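> Please find one structure pasted underneath; my questions will follow.
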Amino acid sequence: MASNALRNATELMVQYARYHRDRRNIATHFVGIPLIVFAIGVLLARARWQLGEVTITATEVLFVLGAVWYLTRGNLTLALATVLANGLLFAVGEPLAQGSAASWLAWGLGSFVVGWVIQFIGHYYEGRKPAFVDDLIGLMVGPMFVVGEALFSLGWGAELLAEIERSAGPTVLRDLAHPAA
């Protein structure tokens, strides 16, 4: 089996989906994950390097490395959509890094903490720990999963969705009175 980080998009999405079958958990991820990605963009945008006439931020470095990773997972549409979503979140956060230190930290750390609180609320509904606890690559798969779920709702990716549901099961509303299976 390929290294955890080098698995293809289908394998990564199936593994991530195994931790995300409750619809309420998935819904919280539509808010929590973008907030976390946005926060990382805000926090890293303040780190800058001057290379001649060009200024490069840590956010831009992370964006390029992330884009390369997503684009090499074997699903071009999902990769491009994820890169676009991450890029938009980073771009919106960039100007916030240029304000005062207090404003920068409030936006960056505030969004990061709120995003994670929302994530953990979702995992309460799921009855399972977040995927990244068992596999750190889940931190990269999260944005791809949310983008994939959005694309599925628009009718894209029927084969990928069918494979996820075949391997991880359908989405459900877990009965909170009973422990997770």
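By order in the structure tokens, chains are A, B, ...; within a chain, residues start at 1; ligands start at 1, following the order shown.
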Residues near Gly41 (chain A), anyone? I mean within 9 Å using only C-alpha atoms, not counting same-chain ones fewer than 3 positions away, as a list in words.
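Close residues of Gly41 (chain A): Ile36, Val37, Phe38, Leu44, Ala45, Ala58, Thr59, Glu60, Leu62, Phe63, Asn86, Leu89, Phe90, Ala91, Val92, Gly93, Glu94, Ala97 and Gly108 of chain A.
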> Which of region 16-105 of chain A end up as alpha helix (DSSP H) when DSSP is run on this backbone - answer as a VMD selection string?
chain A and resid 16 to 17 23 to 44 58 to 71 76 to 93 101 to 105
> Let me make sure I understand: among A:Asn4, A:Ala81, A:Ser167, A:Ala162, which one has the smallest atom-to-atom distance to Ala17 (chain A) if we use only C-alpha atoms?
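Distance minimum relative to Ala17 (chain A) lands on A:Ser167.
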> Can you tell me, as a list of chain:residue names, which residues in region 11-134 of chain A count as strand (DSSP E or B) by DSSP?
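Residues of region 11-134 of chain A classed as strand (DSSP E or B): A:Asp22, A:Arg48, A:Trp49, A:Gln50, A:Leu51, A:Val54, A:Thr55, A:Ile56, A:Thr57.
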> Go ahead and write the selection's residues with N, CA and C atoms as a PDB file, in the first residue's frame.

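Saved file selection07.pdb follows:
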```
ATOM      1  N   ASP A  22     -22.150  10.873   9.919  1.00  0.00           N
ATOM      2  CA  ASP A  22     -23.312  11.585  10.451  1.00  0.00           C
ATOM      3  C   ASP A  22     -23.475  12.905   9.694  1.00  0.00           C
ATOM      4  N   ARG A  48       7.040  36.560   5.932  1.00  0.00           N
ATOM      5  CA  ARG A  48       7.383  36.994   4.567  1.00  0.00           C
ATOM      6  C   ARG A  48       8.879  36.874   4.337  1.00  0.00           C
ATOM      7  N   TRP A  49       9.205  36.556   3.080  1.00  0.00           N
ATOM      8  CA  TRP A  49      10.601  36.528   2.655  1.00  0.00           C
ATOM      9  C   TRP A  49      10.734  37.358   1.398  1.00  0.00           C
ATOM     10  N   GLN A  50      11.784  38.116   1.328  1.00  0.00           N
ATOM     11  CA  GLN A  50      12.064  38.931   0.150  1.00  0.00           C
ATOM     12  C   GLN A  50      13.084  38.194  -0.709  1.00  0.00           C
ATOM     13  N   LEU A  51      12.704  37.890  -1.935  1.00  0.00           N
ATOM     14  CA  LEU A  51      13.603  37.251  -2.903  1.00  0.00           C
ATOM     15  C   LEU A  51      13.771  38.220  -4.067  1.00  0.00           C
ATOM     16  N   VAL A  54      10.666  40.174  -5.334  1.00  0.00           N
ATOM     17  CA  VAL A  54       9.457  39.403  -5.034  1.00  0.00           C
ATOM     18  C   VAL A  54       9.372  39.110  -3.536  1.00  0.00           C
ATOM     19  N   THR A  55       8.188  39.322  -2.974  1.00  0.00           N
ATOM     20  CA  THR A  55       7.922  38.953  -1.585  1.00  0.00           C
ATOM     21  C   THR A  55       7.073  37.695  -1.589  1.00  0.00           C
ATOM     22  N   ILE A  56       7.493  36.710  -0.821  1.00  0.00           N
ATOM     23  CA  ILE A  56       6.773  35.439  -0.725  1.00  0.00           C
ATOM     24  C   ILE A  56       6.339  35.254   0.724  1.00  0.00           C
ATOM     25  N   THR A  57       5.083  34.843   0.908  1.00  0.00           N
ATOM     26  CA  THR A  57       4.585  34.587   2.258  1.00  0.00           C
ATOM     27  C   THR A  57       4.568  33.084   2.528  1.00  0.00           C
TER      28      THR A  57
END
```
> Nearest to Tyr124 (chain A) among A:Leu105, A:Leu176, A:Val61, A:Ala27, with distances taken over only C-alpha atoms: which residue is it?
A:Leu176
> Please indicate the distance in Å from CA of Phe30 (chain A) to CA of Val147 (chain A), rounded to one decimal place.
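These two atoms are separated by 8.6 Å.
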> Using only C-alpha atoms, which residues sit within 9 Å of Arg24 (chain A) once same-chain residues fewer than 5 positions away are excluded, as a PyMOL selection string?
chain A and resi 29+122-123+125-126+172-174
> Find, counting only C-alpha atoms, the residue in A:Ile33, A:His178, A:Ala5, A:Tyr19 that gets nearest to Lys129 (chain A).
A:Tyr19
> Can you pull out the residues contacting Ala168 (chain A)? Cut-off 8 Å, using only C-alpha atoms, and skip same-chain residues under 5 positions away; I want them as an MDAnalysis selection string.
chainID A and resid 14:15 17:18 21
> Env of Leu35 (chain A): 8 Å cut, atoms = only C-alpha atoms, seq-sep filter 4 positions within chain, self excluded. Answer as a count of residues only.
6
> Tell me, in Å to one decimal, how far CA of Phe145 (chain A) is from CA of Ile164 (chain A).
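Separation of CA of Phe145 (chain A) and CA of Ile164 (chain A): 10.9 Å.
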> Using only C-alpha atoms, find the one residue out of A:Val141, A:Pro34, A:Leu12, A:Val64 that sits nearest to Ala85 (chain A).
A:Pro34
> Rounded to one decimal, what separation in Å do you get between CA of Ile26 (chain A) and CA of Val68 (chain A)?
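CA of Val68 (chain A) lies at a distance of 25.6 Å from CA of Ile26 (chain A).
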> Using only C-alpha atoms, which of A:Gly52, A:Leu43, A:Tyr70, A:Asp134 sits nearest Gln98 (chain A)?
A:Leu43
> Between A:Phe120, A:Gly127, A:Thr72, A:Glu11, which one has atoms that come closest to Ala177 (chain A), using only C-alpha atoms?
A:Gly127
